[in-house]
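What follows is the content of query.cif (mmCIF, C-alpha atoms).
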data_data
loop_
_atom_site.label_atom_id
_atom_site.label_comp_id
_atom_site.auth_asym_id
_atom_site.auth_seq_id
_atom_site.Cartn_x
_atom_site.Cartn_y
_atom_site.Cartn_z
CA MET L 1 -61.17 -26.83 56.33
CA LYS L 2 -61.62 -26.63 52.57
CA ILE L 3 -62.27 -30.40 52.43
CA MET L 4 -64.91 -30.10 55.20
CA SER L 5 -66.59 -27.31 53.30
CA LYS L 6 -66.61 -29.43 50.11
CA ILE L 7 -68.15 -32.40 51.97
CA SER L 8 -70.78 -30.20 53.58
CA LYS L 9 -71.66 -28.70 50.19
CA LYS L 10 -71.97 -32.18 48.65
CA LEU L 11 -74.25 -33.37 51.45
CA GLY L 12 -76.48 -30.33 50.97
CA GLY L 13 -76.69 -31.05 47.24
CA CYS L 14 -74.92 -27.75 46.64
CA LEU L 15 -73.35 -26.73 43.36
CA GLU L 16 -69.62 -27.17 42.84
CA ASP L 17 -67.53 -24.00 42.59
CA GLU L 18 -66.81 -24.81 38.95
CA GLU L 19 -70.53 -25.09 38.17
CA LEU L 20 -71.27 -21.77 39.85
CA LEU L 21 -68.43 -20.14 37.99
CA GLU L 22 -69.67 -21.47 34.65
CA TYR L 23 -73.21 -20.44 35.55
CA SER L 24 -72.01 -16.89 36.27
CA LEU L 25 -70.41 -16.81 32.83
CA ASP L 26 -73.60 -18.05 31.18
CA GLY L 27 -71.73 -21.20 30.23
CA LEU L 28 -73.89 -24.11 31.43
CA ASP L 29 -75.92 -26.10 28.94
CA GLY L 30 -79.74 -26.03 29.19
CA LYS L 31 -80.18 -29.02 31.50
CA GLU L 32 -77.28 -28.07 33.81
CA ARG L 33 -78.50 -24.49 33.86
CA GLY L 34 -82.00 -25.56 34.86
CA ARG L 35 -80.66 -27.66 37.72
CA ALA L 36 -78.47 -24.78 38.89
CA GLN L 37 -81.36 -22.31 38.77
CA GLU L 38 -83.60 -24.64 40.72
CA HIS L 39 -80.96 -25.10 43.42
CA LEU L 40 -80.14 -21.38 43.60
CA GLY L 41 -83.82 -20.69 44.20
CA HIS L 42 -83.61 -22.17 47.68
CA CYS L 43 -79.92 -22.19 48.67
CA GLN L 44 -78.63 -19.03 50.30
CA ARG L 45 -75.06 -20.36 50.52
CA CYS L 46 -74.76 -20.97 46.77
CA ARG L 47 -76.38 -17.61 46.03
CA GLU L 48 -73.76 -15.85 48.14
CA GLN L 49 -70.94 -17.69 46.38
CA LEU L 50 -72.51 -16.84 43.04
CA ARG L 51 -72.55 -13.13 43.88
CA GLU L 52 -68.79 -13.30 44.39
CA TYR L 53 -68.30 -14.94 41.01
CA MET L 54 -70.56 -12.43 39.31
CA SER L 55 -68.01 -9.65 39.78
CA PHE L 56 -65.56 -11.78 37.83
CA ALA L 57 -68.15 -12.40 35.11
CA GLU L 58 -68.79 -8.67 35.01
CA ALA L 59 -65.09 -7.98 34.51
CA MET L 60 -65.02 -10.49 31.63
CA ALA L 61 -67.92 -8.69 29.98
CA LEU L 62 -66.32 -5.27 30.50
CA SER L 63 -62.87 -6.39 29.37
CA VAL L 64 -63.73 -6.07 25.68
CA PRO L 65 -62.56 -3.03 23.67
CA GLN L 66 -65.08 -0.25 24.20
CA VAL L 67 -66.81 0.98 21.07
CA GLU L 68 -69.14 3.96 20.66
CA PRO L 69 -72.67 2.75 19.76
CA PRO L 70 -74.67 4.26 16.86
CA THR L 71 -76.07 7.68 17.75
CA ASP L 72 -79.69 6.77 16.95
CA LEU L 73 -79.78 3.79 19.29
CA ALA L 74 -81.52 5.50 22.23
CA ASP L 75 -84.11 7.16 19.95
CA LYS L 76 -85.03 3.81 18.41
CA VAL L 77 -85.54 2.26 21.86
CA LEU L 78 -87.64 5.20 23.08
CA LYS L 79 -89.77 5.05 19.95
CA LYS L 80 -90.56 1.37 20.61
CA VAL L 81 -91.31 2.09 24.27
CA THR L 82 -93.75 4.88 23.49
CA SER L 83 -95.47 2.95 20.70
CA HIS L 84 -96.57 0.20 23.13
CA MET E 1 -78.87 35.50 55.64
CA THR E 2 -76.41 33.81 53.37
CA LYS E 3 -77.46 30.85 51.34
CA LYS E 4 -75.67 27.59 52.00
CA PRO E 5 -73.79 26.37 48.92
CA GLN E 6 -75.73 23.53 47.40
CA THR E 7 -73.89 20.27 47.10
CA PRO E 8 -74.52 18.58 43.77
CA LYS E 9 -76.86 15.62 43.92
CA PRO E 10 -75.03 12.32 43.50
CA ASP E 11 -75.83 10.41 40.32
CA PRO E 12 -78.71 8.01 40.92
CA SER E 13 -77.64 4.40 41.34
CA ASP E 14 -78.48 1.89 38.64
CA GLU E 15 -80.74 0.12 41.10
CA SER E 16 -82.77 3.26 41.83
CA LEU E 17 -83.13 3.82 38.08
CA VAL E 18 -84.55 0.30 37.71
CA GLU E 19 -87.12 1.12 40.39
CA ARG E 20 -88.09 4.22 38.46
CA MET E 21 -88.31 2.22 35.22
CA ALA E 22 -90.64 -0.20 36.96
CA ALA E 23 -92.85 2.84 37.59
CA GLU E 24 -92.64 3.62 33.85
CA ASP E 25 -90.38 6.66 34.19
CA GLN E 26 -88.86 7.07 30.71
CA ALA E 27 -86.28 9.58 31.94
CA ALA E 28 -84.79 6.74 34.00
CA LEU E 29 -84.54 4.58 30.89
CA GLU E 30 -82.73 7.41 29.09
CA LEU E 31 -80.21 7.66 31.93
CA VAL E 32 -79.68 3.90 31.91
CA MET E 33 -79.06 4.03 28.16
CA GLN E 34 -76.59 6.92 28.52
CA ARG E 35 -74.69 4.91 31.09
CA TRP E 36 -74.85 1.44 29.58
CA SER E 37 -75.12 1.76 25.78
CA ARG E 38 -71.38 1.63 25.22
CA PRO E 39 -70.49 -1.43 27.38
CA ILE E 40 -73.54 -3.37 26.17
CA PHE E 41 -72.95 -2.54 22.50
CA SER E 42 -69.23 -3.33 22.87
CA LEU E 43 -69.88 -6.75 24.40
CA ALA E 44 -72.47 -7.60 21.73
CA LEU E 45 -70.08 -6.44 19.00
CA ARG E 46 -67.21 -8.47 20.42
CA ILE E 47 -69.37 -11.60 20.24
CA LEU E 48 -71.25 -10.95 16.99
CA ARG E 49 -68.59 -8.99 15.05
CA ASP E 50 -71.36 -7.20 13.20
CA PRO E 51 -72.36 -3.63 14.16
CA GLY E 52 -75.92 -4.01 12.84
CA MET E 53 -76.61 -7.17 14.83
CA ALA E 54 -74.87 -5.69 17.89
CA GLN E 55 -77.19 -2.68 17.68
CA GLU E 56 -80.25 -4.94 17.49
CA VAL E 57 -79.13 -6.88 20.54
CA THR E 58 -78.41 -3.67 22.47
CA GLN E 59 -81.88 -2.30 21.67
CA ASP E 60 -83.51 -5.59 22.69
CA VAL E 61 -81.61 -5.60 25.99
CA PHE E 62 -82.84 -2.11 26.86
CA LEU E 63 -86.40 -3.01 25.91
CA LYS E 64 -86.17 -6.10 28.10
CA CYS E 65 -84.80 -3.98 30.97
CA TRP E 66 -87.75 -1.63 30.57
CA ARG E 67 -90.35 -4.39 30.40
CA SER E 68 -88.94 -6.55 33.18
CA ALA E 69 -87.71 -3.81 35.52
CA ALA E 70 -90.39 -4.80 38.04
CA THR E 71 -88.98 -8.31 38.28
CA PHE E 72 -85.40 -7.18 39.01
CA GLN E 73 -84.29 -8.32 42.46
CA GLN E 74 -81.25 -6.63 43.94
CA SER E 75 -80.86 -9.48 46.42
CA ARG E 76 -80.05 -11.74 43.44
CA GLY E 77 -77.23 -9.51 42.15
CA SER E 78 -76.40 -6.03 40.89
CA PHE E 79 -77.99 -4.33 37.92
CA SER E 80 -74.67 -4.45 36.07
CA SER E 81 -74.47 -8.23 36.42
CA TRP E 82 -78.09 -8.56 35.35
CA VAL E 83 -77.76 -6.45 32.26
CA LEU E 84 -74.39 -7.84 31.14
CA THR E 85 -75.55 -11.44 31.56
CA MET E 86 -78.67 -10.58 29.56
CA THR E 87 -76.48 -9.07 26.82
CA HIS E 88 -74.15 -12.06 26.68
CA HIS E 89 -77.07 -14.45 26.52
CA ALA E 90 -78.83 -12.50 23.76
CA ALA E 91 -75.67 -12.10 21.68
CA ILE E 92 -74.74 -15.79 21.92
CA ASP E 93 -78.33 -16.75 20.99
CA GLN E 94 -78.15 -14.48 17.97
CA LEU E 95 -74.75 -15.90 16.99
CA ARG E 96 -76.14 -19.46 17.16
CA ARG E 97 -79.15 -18.49 15.06
CA GLN E 98 -76.87 -16.98 12.43
CA LYS E 99 -74.70 -20.09 12.37
CA ALA E 100 -77.78 -22.32 12.09
CA ARG E 101 -78.87 -20.31 9.04
CA GLY E 102 -75.43 -20.90 7.56
CA LYS E 103 -74.57 -17.20 7.58
CA ASP E 104 -70.95 -16.15 7.49
CA VAL E 105 -70.12 -14.96 10.97
CA LEU E 106 -66.40 -14.99 10.48
CA GLN E 107 -65.95 -11.28 9.86
CA THR E 108 -62.82 -10.35 11.76
CA PHE E 109 -63.13 -8.33 14.90
CA SER E 110 -60.86 -5.62 13.51
CA ASP E 111 -63.21 -5.23 10.52
CA ALA E 112 -66.11 -4.80 12.91
CA MET E 113 -64.14 -2.25 14.91
CA ALA E 114 -63.25 -0.34 11.75
CA ALA E 115 -66.95 0.03 10.99
CA THR E 116 -67.58 1.75 14.31
CA ILE E 117 -66.08 4.53 16.36
CA ALA E 118 -63.89 3.52 19.27
CA GLY E 119 -64.92 5.17 22.51
CA PRO E 120 -63.31 5.61 25.91
CA SER E 121 -63.30 2.78 28.44
CA HIS E 122 -66.41 2.24 30.49
CA GLY E 123 -65.94 4.14 33.75
CA VAL E 124 -66.37 1.31 36.21
CA SER E 125 -64.21 -1.18 34.41
CA GLY E 126 -60.70 0.27 34.60
CA TRP E 127 -59.68 -1.31 37.85
CA GLN E 128 -61.46 -4.61 37.21
CA ARG E 129 -60.10 -4.71 33.68
CA LEU E 130 -56.52 -4.49 34.94
CA ARG E 131 -57.08 -7.30 37.40
CA LEU E 132 -58.58 -9.44 34.66
CA GLU E 133 -55.78 -8.62 32.21
CA LYS E 134 -53.29 -9.70 34.83
CA ALA E 135 -55.19 -12.93 35.40
CA MET E 136 -55.43 -13.59 31.63
CA ALA E 137 -51.70 -13.00 31.24
CA GLN E 138 -51.07 -15.98 33.47
CA LEU E 139 -52.91 -18.40 31.18
CA THR E 140 -51.29 -20.63 28.62
CA GLU E 141 -52.28 -20.30 24.97
CA SER E 142 -54.56 -23.35 25.12
CA GLN E 143 -56.22 -22.06 28.29
CA ARG E 144 -56.87 -18.68 26.65
CA GLN E 145 -58.32 -20.52 23.67
CA VAL E 146 -60.95 -22.36 25.74
CA VAL E 147 -62.05 -19.12 27.41
CA GLU E 148 -62.38 -17.48 23.99
CA LEU E 149 -64.37 -20.38 22.56
CA ALA E 150 -66.64 -20.74 25.57
CA TYR E 151 -67.32 -17.15 26.54
CA PHE E 152 -66.98 -15.15 23.32
CA GLU E 153 -68.03 -17.78 20.78
CA GLY E 154 -70.56 -19.55 23.00
CA LEU E 155 -69.53 -23.01 21.84
CA THR E 156 -70.97 -25.98 23.71
CA ARG E 157 -68.49 -28.40 25.30
CA GLU E 158 -69.14 -30.83 22.44
CA GLU E 159 -68.46 -28.18 19.80
CA MET E 160 -65.30 -27.15 21.57
CA ALA E 161 -64.12 -30.76 21.71
CA GLU E 162 -64.70 -31.08 17.96
CA ARG E 163 -62.90 -27.81 17.22
CA LEU E 164 -59.94 -28.69 19.41
CA GLY E 165 -59.82 -32.37 18.49
CA ALA E 166 -59.94 -33.40 22.16
CA PRO E 167 -62.35 -35.57 24.19
CA VAL E 168 -65.32 -33.74 25.75
CA GLY E 169 -64.17 -34.71 29.26
CA THR E 170 -60.75 -33.16 28.66
CA VAL E 171 -62.29 -29.95 27.36
CA LYS E 172 -64.64 -29.73 30.36
CA THR E 173 -61.76 -30.18 32.79
CA ARG E 174 -59.54 -27.71 30.96
CA LEU E 175 -62.27 -25.08 30.90
CA ARG E 176 -63.19 -25.46 34.54
CA ASP E 177 -59.54 -25.46 35.68
CA THR E 178 -58.91 -22.36 33.59
CA LEU E 179 -61.92 -20.49 34.94
CA LEU E 180 -61.03 -21.37 38.51
CA LYS E 181 -57.46 -20.18 37.96
CA LEU E 182 -58.65 -16.93 36.42
CA GLN E 183 -61.15 -16.30 39.17
CA LYS E 184 -58.56 -17.05 41.86
CA VAL E 185 -56.02 -14.56 40.49
CA PHE E 186 -58.79 -12.04 39.84
CA SER E 187 -60.10 -12.15 43.41
CA ASP E 188 -56.73 -12.38 45.18
CA PRO E 189 -56.30 -9.07 47.09
CA GLU E 190 -52.51 -9.59 47.31
CA GLN E 191 -52.27 -9.38 43.55
CA GLU E 192 -53.87 -6.00 43.32
CA VAL E 193 -51.93 -4.39 46.17
CA GLN E 194 -48.54 -5.56 45.00
CA SER E 195 -48.67 -5.07 41.30
CA LEU E 196 -51.43 -2.80 40.11
CA PRO E 197 -51.68 0.97 40.09
CA ASP E 198 -54.56 2.29 42.19
CA LEU E 199 -57.25 3.16 39.67
CA ARG E 200 -60.24 2.69 41.88
CA PRO E 201 -62.82 5.46 41.55
#
Show me the file's structure as structure tokens.
Amino acid sequence: MKIMSKISKKLGGCLEDEELLEYSLDGLDGKERGRAQEHLGHCQRCREQLREYMSFAEAMALSVPQVEPPTDLADKVLKKVTSH
Amino acid sequence: MTKKPQTPKPDPSDESLVERMAAEDQAALELVMQRWSRPIFSLALRILRDPGMAQEVTQDVFLKCWRSAATFQQSRGSFSSWVLTMTHHAAIDQLRRQKARGKDVLQTFSDAMAATIAGPSHGVSGWQRLRLEKAMAQLTESQRQVVELAYFEGLTREEMAERLGAPVGTVKTRLRDTLLKLQKVFSDPEQEVQSLPDLRP
């Protein structure tokens, strides 16, 4: 079943699981990333798989030690927003 | 006539806040910052190891959220994925710029932590964090190293190969095998039921 799914993905020019995983982790180089983005623009199947991998990428990003940001951070952002 | 007790309004979802930001509602931006400043700053700090640069990246991410709120598409993924990917990308870009300028970016992470105040864990991450920790614990030292170099240091495959003294092809395979292994353990429902305390909100 898994082999059939791999063959079907290949025939459709779909991205490999590894590529999608690296894409979700912001790990593909410029050229590979461009190709992935172009494919994702029209392939529902790869987009669905990518959504699954994104929760893993999110966990990676949230796994770091949590640190309180500087207290003036929000004020600085709001100042820039209102000055435009 | 007795008044019905009012049930408190649920917190607005991130996605509804983005919609409000697209309509230039600054109160929505303030709520987003209250909710996301800590995880975004923490990720940027973990990558950059410099509180000043991490603050700059965090501010830029919120400004980008504000300016591009109208282009956010929920069908492409959640707000959390969007904003964390944006943060990772911006922090790695900044790190590369610093390296290109020959700046010393080797300040230790514990030094960076000492310069800031440690805060509580981000609310949504407890359960996911445990699953990821469990998955990470199953990696070998060299597998953990490639994840560190790729995700937190943003090295290209070629740079990693040079650092590790291994061919590029070997590094690519090792990284992809490691990520697939991590993802598999992370998404395996059996793992969470059998061995993790129930911390879901």
Using only C-alpha atoms, determine which residues of chain L fall within 6 Å of chain E; present them as a PyMOL selection string. chain L and resi 18+58-59+63+66-69+77
Rounded to one decimal place, report the atom CA of Arg174 of chain E-atom CA of Gln143 of chain E distance in Å. 7.1 Å
Could you jot down the atom CA of Leu25 of chain L to atom CA of Ala57 of chain L separation for me, Å, one decimal place?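 Here the two named atoms are 5.5 Å from each other.
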What's the separation between atom CA of Glu19 of chain E and atom CA of Gln73 of chain E, in Å to one decimal place? 10.1 Å
Counting only C-alpha atoms, which residues have an atom no more than 8 Å from (-75.2, 0.8, 34.8) in the file's coordinates? Please list them as a list in words. Ser13, Asp14, Val32, Arg35, Trp36, Phe79 and Ser80 of chain E
With 12 Å as the threshold, what does the neighbourhood of (-71.7, -14.1, 47.0) contain in terms of residues, counting all atoms listed in the file? Coordinates are those of the file; answer as a ChimeraX atom specification. /L:17,20-21,24,40,43-56 /E:75-78
Once 5 Å is added on each side, what centre and edge lengths in Å to one decimal does the axis-aligned box around all listed atoms of segment 46-54 of chain E have, as JSON?
{"center_x": -71.9, "center_y": -7.6, "center_z": 16.6, "size_x": 19.4, "size_y": 18.0, "size_z": 17.6}
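Among the candidates L:His42, L:Arg33, L:Lys79, L:His84, the residue lying nearest to Glu19 of chain L is L:Arg33 (atoms considered: only C-alpha atoms).
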Nearest residue to Glu158 of chain E from the set E:Lys64, E:Arg20, E:Lys9, E:Lys172 (distances using all atoms listed in the file):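 Comparing E:Lys64, E:Arg20, E:Lys9, E:Lys172 against Glu158 of chain E, the winner is E:Lys172.
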